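Here the structure is laid out as C-alpha cells; the discussion comes afterwards.
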Amino acid sequence: MFLRHRRAAQAFADAWGSRRRPDDAEVSALVALARRVEVSATADPDPVFRDGLREQLLASAGQTMVAGPPRRVFEPQPLSPGRRRARWAGAVVAATLALVGSVSASASAVPGDILYPVKMGTERVERTFAGDDQSLGRLYLTQAGTRLGEAEVLGQQSNTNARTRVSSALDAFSDSAERGSALLLGTAGRQVDPADADYVAAFAEDSTVRINALLERLAPADRGSAERAVRTLADLGVDIGTACPECTGDTERVAESVDDLLSDVQRTLVEGGPAAGTEDGGEPGRQSDATGEPGTTTRGGSPSGGDTGSSEQPRPRTTAPPIESLPIIALPEAKPPSSVGDVLSPVVGAVLGDDRQEGLVPSVLGVLGLRR
Amino acid sequence: MTEARHPIGVAVLAPPFDVSALWIALAQTRTGTGQPSRTPPDRDESHAERVHALVELARTGDAEAFGQLYDIYVTTVYRFLYYRVGSRQLAEDLTSDTFVRAMKAVGRFNWQGKDFGAWLTTIARNLIADHYKSARVRMELTSDVVPERGPAAESSEDEALVHLGDHALHHAISELSPEQRDCIVMRFLSGMTIAQTAAALDRSEGAIKQLQLRALRNLAKNVPQELRPEP
C-alpha cells in the first residue's frame, strides 16, 4: 500500500508538472482541485505597504545589516592607532596586574567597584586571545553570563547607585549575548555545528531562568533593559531555528519560557507601581521558599491579585533550578589568567625592570580611560 | 506600478480577474519563486544565477542587493503568511518582521543546499509559531482563519461566487494538519516548487510529493460537495 501511495504521489506530481490530463480519475480530480486552489491565490501585498516596507528596510540597512564575518570582525571599536596602543597597553596591564593579584580580586567586581575597569580589561584581553569564532562566541556568552551575575549582585544591594547600574548590566548582557550568538550561529561558508546551537539554546534557557529570578529585584526603571534582554533571548530562539532546523526540540521549550518571561516583565515592571510579584504559582521559579506563608501567596493571602505593598521588603530568593545543573555556563572563577601572563612574560620582565614600575599601572589606566 | 525596479519582470496582478491572463501568469510561476514573471523557461538558470549573485552581495552588506531580493521574494513570503494567518494586517506585520530578520541574518546565510526563498519561508514559519505562542494571542485566537477579502471590486455575480468558493476553500485548508496546510500554502498558493518546499519544511522531495497528495486528498474531503471541481 505504501508503494501504491508513492506511485500515486509521483503520478500526481507528473500530472501537475506536465499539465497533461492524467489517466487516473482520482489523480485527475486532485489536479483539478489543486488548480482551483491555485486560482484562488489572488492576494498580493498592498503596493503601498510593499513599497513602504522596501523604503524602510533600505533606510535602516546601515544599522541593521551585518556583513558576514570573514574572521572575527567583532571588535567593539575600529582599531585606530590610539586603540591599537590601548590594546597593547591593556595586555601589559593585565599581565602586570596578574602578578599583584588584582585581577583575581577583580573577578567578583561589579560596576561601580574600583577594580571593575580591571575586570573589563581582563575580559577584553581574553577576547583578544580567543582562537576562532567558536571560542570567541562562547566567550562572549560566558561574559554575558557574568554581566547577568553582576546584575544579580547589584539587584540585591539597596543603595541607589547600585540600583541604577542594574539596567546597564542588563544592556551589556544583551550586547554580549547578541555578539556571541551571531558568532556561533553562522559564519559564511560554515555549517552551523549542532553543538554550538545546543550551547546557545542552553545559554538562552539558563539566562531565562536567571532573569526570571532576578525579576523581583528589578524596578520599573529597569523595564526597558529587561525587555531588551528578554527580546534578545527570543531572537536567539528564532536564530537557532533558522540556522539549525533540526535543533528545534530545545528551542520550542526555550521559546515558551522566554515568551512567558516577556509577559512577566511587561506585567510586573509597571510604571507607578512597585514590582508586584504577586503572580500565582504558574512558573516553577516563582515558588517562595522559606517565608512560612501558605503556598505561593503574598501576605495578602490571595494567590493572584492586586497586593502591591510587599515589594519593598526583601523577599527570599526564588528557587530557580540550580545553575550547576547546566555546567556549560558557569560564572568565571576567581583566578588570574595565567595563560596571558605566560605569553607576555618577556614584556612583563621589561616592565618589572623599569624604575617607573610603580607608576605604570595607574598611568596606563589613565591612558586607557579606564580609571573612573 | 514599479516595474522599473524589477528587471526580471513582474506582472502584478491587478484585481480582478482576467482568467486567461491568470493561467498564463500562474503557469510561468511554477518554475520560479512565486513571483509572476514573463520570462521563458530557459531564463530560469540565469534567474537562479542572479539570485545567487544578489545573495552574495547582500552578505557583504550591500543594501541595494537586499532590496532586489526583497522585490523578488516579497510576494511569495506575503502570500505564504496571508494564507496561513488569514489576516492582511497580520500578514503585513509578519512580512515586515521576516524581512527585518532576514536583513540582520543574511550576513551569515550559507548555501549548503538551501534555497534563499525557502530560507525566508522558514523565518516566516518560525515567526508564525512565535506569534501563536504568545499568551495574548492564545486568548484572542479564533478558529476562523478565513482570509479577508481585499478591496477587490466584486462587480459581477460570478466574481462574488468565486469569492464565496474561496472562502470555503480556505476554511477547508485551515482544517488540515499544520504540515499539510503549510505544504498546500507553499505549493499552490505561494507558487513554491517541490525543491523549495522540501527545503523550507526540511523534508525530502519524495516526502513532499507524498505530503501534497495526502493534503489534497484530505482537502477534497473537507471541501463542500458543490465546490469540488469537475476533473
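Naming works like this for the C-alpha cells: A, B, ... for the chains as they're shown, residue 1 at the start of each chain, ligands 1 onward in shown order.
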
Using only C-alpha atoms and a distance of at most 6 Å, pull out the residues of chain B that contact chain A, as a list in words.
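Putting it all together, I get Arg59, Thr60, Gly61, Ala63, Met103, Lys104, Gly107, Arg108, Asn110, Asp166, Phe188, Leu189, Lys209, Gln210, Leu213 and Pro231 of chain B.
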
Let's have the selection written as a CSV table (one decimal), in the first residue's frame, with C-alpha atoms.
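part-v6.csv, freshly written:
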```csv
chain,number,residue,atom,x,y,z
B,59,ARG,CA,26.0,39.0,2.5
B,60,THR,CA,28.7,41.7,2.3
B,61,GLY,CA,26.2,44.3,3.4
B,63,ALA,CA,21.7,47.1,0.9
B,103,MET,CA,18.3,41.5,6.7
B,104,LYS,CA,20.0,41.0,10.1
B,107,GLY,CA,25.4,38.1,6.6
B,108,ARG,CA,25.6,34.6,7.9
B,110,ASN,CA,25.2,30.0,3.8
B,166,ASP,CA,-12.5,30.8,-2.0
B,188,PHE,CA,-0.3,26.0,-4.6
B,189,LEU,CA,-0.8,29.4,-3.0
B,209,LYS,CA,5.3,14.7,-3.1
B,210,GLN,CA,3.5,12.3,-0.8
B,213,LEU,CA,-1.0,14.2,-2.3
B,231,PRO,CA,-12.0,16.6,-13.2
```

Using only C-alpha atoms, which protein or nucleic acid residues come within 10 Å of Leu139 in chain A? Drop anything in the same chain fewer than 2 positions from it, and give the result as a list in words.
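Counting only C-alpha atoms, the residues come to Glu123, Glu126, Arg127, Ala130, Asp133, Gln134, Ser135, Leu136, Gly137, Leu141, Thr142, Gln143, Ala144, Gly145, Ser176, Ala177, Arg179 and Gly180 of chain A.
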
Convert the current residue selection to file output with N, CA and C atoms, as a PDB file, in the first residue's frame.
```
ATOM      1  N   GLU A 123      38.719  40.971  30.522  1.00  0.00           N
ATOM      2  CA  GLU A 123      37.806  40.324  29.573  1.00  0.00           C
ATOM      3  C   GLU A 123      38.169  40.694  28.151  1.00  0.00           C
ATOM      4  N   GLU A 126      41.077  38.611  27.151  1.00  0.00           N
ATOM      5  CA  GLU A 126      40.652  37.239  26.884  1.00  0.00           C
ATOM      6  C   GLU A 126      40.057  37.114  25.499  1.00  0.00           C
ATOM      7  N   ARG A 127      39.278  38.098  25.118  1.00  0.00           N
ATOM      8  CA  ARG A 127      38.675  38.054  23.779  1.00  0.00           C
ATOM      9  C   ARG A 127      39.745  38.144  22.704  1.00  0.00           C
ATOM     10  N   ALA A 130      41.152  34.745  22.060  1.00  0.00           N
ATOM     11  CA  ALA A 130      40.297  33.643  21.610  1.00  0.00           C
ATOM     12  C   ALA A 130      40.764  33.192  20.239  1.00  0.00           C
ATOM     13  N   ASP A 133      36.240  31.827  15.836  1.00  0.00           N
ATOM     14  CA  ASP A 133      34.890  32.343  16.055  1.00  0.00           C
ATOM     15  C   ASP A 133      34.150  31.552  17.114  1.00  0.00           C
ATOM     16  N   GLN A 134      34.367  30.239  17.104  1.00  0.00           N
ATOM     17  CA  GLN A 134      33.626  29.399  18.034  1.00  0.00           C
ATOM     18  C   GLN A 134      34.031  29.743  19.479  1.00  0.00           C
ATOM     19  N   SER A 135      35.346  29.833  19.697  1.00  0.00           N
ATOM     20  CA  SER A 135      35.817  30.157  21.055  1.00  0.00           C
ATOM     21  C   SER A 135      35.366  31.553  21.450  1.00  0.00           C
ATOM     22  N   LEU A 136      35.464  32.475  20.517  1.00  0.00           N
ATOM     23  CA  LEU A 136      35.089  33.845  20.846  1.00  0.00           C
ATOM     24  C   LEU A 136      33.598  33.938  21.127  1.00  0.00           C
ATOM     25  N   GLY A 137      32.830  33.215  20.322  1.00  0.00           N
ATOM     26  CA  GLY A 137      31.382  33.237  20.543  1.00  0.00           C
ATOM     27  C   GLY A 137      31.029  32.708  21.917  1.00  0.00           C
ATOM     28  N   LEU A 141      29.366  34.620  25.276  1.00  0.00           N
ATOM     29  CA  LEU A 141      28.210  34.155  26.031  1.00  0.00           C
ATOM     30  C   LEU A 141      28.563  33.987  27.506  1.00  0.00           C
ATOM     31  N   THR A 142      29.767  33.505  27.760  1.00  0.00           N
ATOM     32  CA  THR A 142      30.191  33.402  29.160  1.00  0.00           C
ATOM     33  C   THR A 142      30.220  34.778  29.808  1.00  0.00           C
ATOM     34  N   GLN A 143      30.763  35.745  29.063  1.00  0.00           N
ATOM     35  CA  GLN A 143      30.828  37.103  29.608  1.00  0.00           C
ATOM     36  C   GLN A 143      29.437  37.696  29.774  1.00  0.00           C
ATOM     37  N   ALA A 144      28.515  37.312  28.882  1.00  0.00           N
ATOM     38  CA  ALA A 144      27.131  37.758  29.062  1.00  0.00           C
ATOM     39  C   ALA A 144      26.593  37.211  30.380  1.00  0.00           C
ATOM     40  N   GLY A 145      26.923  35.966  30.662  1.00  0.00           N
ATOM     41  CA  GLY A 145      26.505  35.372  31.935  1.00  0.00           C
ATOM     42  C   GLY A 145      27.089  36.129  33.116  1.00  0.00           C
ATOM     43  N   SER A 176      26.519  41.374  24.717  1.00  0.00           N
ATOM     44  CA  SER A 176      27.404  40.204  24.634  1.00  0.00           C
ATOM     45  C   SER A 176      26.661  38.987  24.106  1.00  0.00           C
ATOM     46  N   ALA A 177      25.407  38.838  24.519  1.00  0.00           N
ATOM     47  CA  ALA A 177      24.632  37.683  24.057  1.00  0.00           C
ATOM     48  C   ALA A 177      24.432  37.745  22.544  1.00  0.00           C
ATOM     49  N   ARG A 179      26.342  39.274  20.339  1.00  0.00           N
ATOM     50  CA  ARG A 179      27.592  39.040  19.615  1.00  0.00           C
ATOM     51  C   ARG A 179      27.974  37.568  19.654  1.00  0.00           C
ATOM     52  N   GLY A 180      27.832  36.973  20.841  1.00  0.00           N
ATOM     53  CA  GLY A 180      28.220  35.571  20.968  1.00  0.00           C
ATOM     54  C   GLY A 180      27.382  34.670  20.083  1.00  0.00           C
TER      55      GLY A 180
END
```

Got a sec: who's within 7 Å of range 215-221 of chain B, counting only C-alpha atoms, leaving out chain neighbours fewer than 4 positions off, as a PyMOL selection string?
(chain A and resi 30) or (chain B and resi 172-173+180+184+211)

Selected residues, C-alpha atoms, written as a tab-separated table (two decimals), in the first residue's frame, please.
```tsv
chain	number	residue	atom	x	y	z
A	30	LEU	CA	-6.92	16.10	-7.37
B	172	ALA	CA	-11.09	23.80	4.39
B	173	ILE	CA	-7.35	24.40	4.06
B	180	GLN	CA	-0.22	19.60	5.28
B	184	ILE	CA	-0.68	23.35	0.35
B	211	LEU	CA	2.64	15.07	1.61
```

Who sits within 12 Å of Ser158 in chain A, only C-alpha atoms, same chain under 3 positions skipped, as a ChimeraX atom specification
/A:153-155,161-166,217-219,312-314

Mind dumping the selected residues with N, CA, C and O atoms as a CSV table (one decimal), in the first residue's frame?
```csv
chain,number,residue,atom,x,y,z
A,153,VAL,N,23.9,40.6,41.6
A,153,VAL,CA,24.5,41.2,42.8
A,153,VAL,C,24.0,42.6,43.0
A,153,VAL,O,23.7,43.0,44.1
A,154,LEU,N,24.0,43.4,42.0
A,154,LEU,CA,23.6,44.8,42.1
A,154,LEU,C,22.1,44.9,42.6
A,154,LEU,O,21.7,45.8,43.3
A,155,GLY,N,21.3,43.9,42.1
A,155,GLY,CA,19.9,43.9,42.4
A,155,GLY,C,19.7,43.7,43.9
A,155,GLY,O,18.6,44.1,44.4
A,161,ASN,N,22.8,54.0,43.9
A,161,ASN,CA,23.8,54.0,42.9
A,161,ASN,C,23.9,52.6,42.2
A,161,ASN,O,23.9,52.4,41.0
A,162,ALA,N,23.9,51.6,43.1
A,162,ALA,CA,23.9,50.2,42.6
A,162,ALA,C,22.6,49.9,41.8
A,162,ALA,O,22.7,49.3,40.7
A,163,ARG,N,21.5,50.4,42.3
A,163,ARG,CA,20.2,50.1,41.6
A,163,ARG,C,20.2,50.6,40.2
A,163,ARG,O,19.7,50.0,39.3
A,164,THR,N,20.8,51.8,40.0
A,164,THR,CA,20.8,52.4,38.7
A,164,THR,C,21.7,51.7,37.7
A,164,THR,O,21.6,51.8,36.5
A,165,ARG,N,22.7,50.9,38.3
A,165,ARG,CA,23.6,50.2,37.4
A,165,ARG,C,23.0,48.9,36.9
A,165,ARG,O,23.6,48.3,36.0
A,166,VAL,N,21.9,48.5,37.4
A,166,VAL,CA,21.4,47.2,37.0
A,166,VAL,C,21.0,47.2,35.5
A,166,VAL,O,21.3,46.3,34.8
A,217,ARG,N,13.8,41.6,41.7
A,217,ARG,CA,14.7,42.6,42.2
A,217,ARG,C,14.7,43.9,41.3
A,217,ARG,O,15.4,44.9,41.7
A,218,LEU,N,14.0,43.8,40.2
A,218,LEU,CA,14.1,44.9,39.3
A,218,LEU,C,13.0,46.0,39.6
A,218,LEU,O,12.0,45.7,40.1
A,219,ALA,N,13.3,47.2,39.2
A,219,ALA,CA,12.4,48.3,39.4
A,219,ALA,C,11.8,48.7,38.0
A,219,ALA,O,12.3,48.3,37.0
A,312,GLU,N,8.7,46.2,48.8
A,312,GLU,CA,9.9,46.9,49.3
A,312,GLU,C,10.6,46.0,50.3
A,312,GLU,O,11.8,46.1,50.5
A,313,GLN,N,9.9,45.0,50.9
A,313,GLN,CA,10.6,44.1,51.8
A,313,GLN,C,11.4,43.1,51.0
A,313,GLN,O,10.9,42.6,50.0
A,314,PRO,N,12.6,42.9,51.4
A,314,PRO,CA,13.4,41.9,50.6
A,314,PRO,C,12.7,40.5,50.8
A,314,PRO,O,12.4,40.0,51.9
```

List the neighbours of Val77 in chain B out to 12 Å using only C-alpha atoms; skip same-chain residues closer than 4 positions along the sequence, and give me the result as a ChimeraX atom specification.
/A:43-45,50 /B:33-35,69-73,81-84,91-99,102,116-125,127-128,185-186,189-192,200

Which is closer to Val209 in chain A than all the others in A:Asn159, A:Ser257, A:Thr128, A:Thr146, using only C-alpha atoms?
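The shortest atom-to-atom distance to Val209 in chain A comes from A:Ser257.
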
For Glu150 in chain A, the nearest of the candidates A:Leu170, A:Ala15, A:Val110, A:Ala105, counting only C-alpha atoms:
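Answer, going by the shortest atom-to-atom distance: A:Val110.
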
Interatomic distance (Å, one decimal) between CA of Ile194 in chain B and CA of Asp115 in chain B
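Pair CA of Ile194 in chain B / CA of Asp115 in chain B returns 11.4 Å.
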
As an exercise, work out the distance from CA of Ala107 in chain A to CA of Ala91 in chain A in Å and give it to one decimal place.
16.5 Å
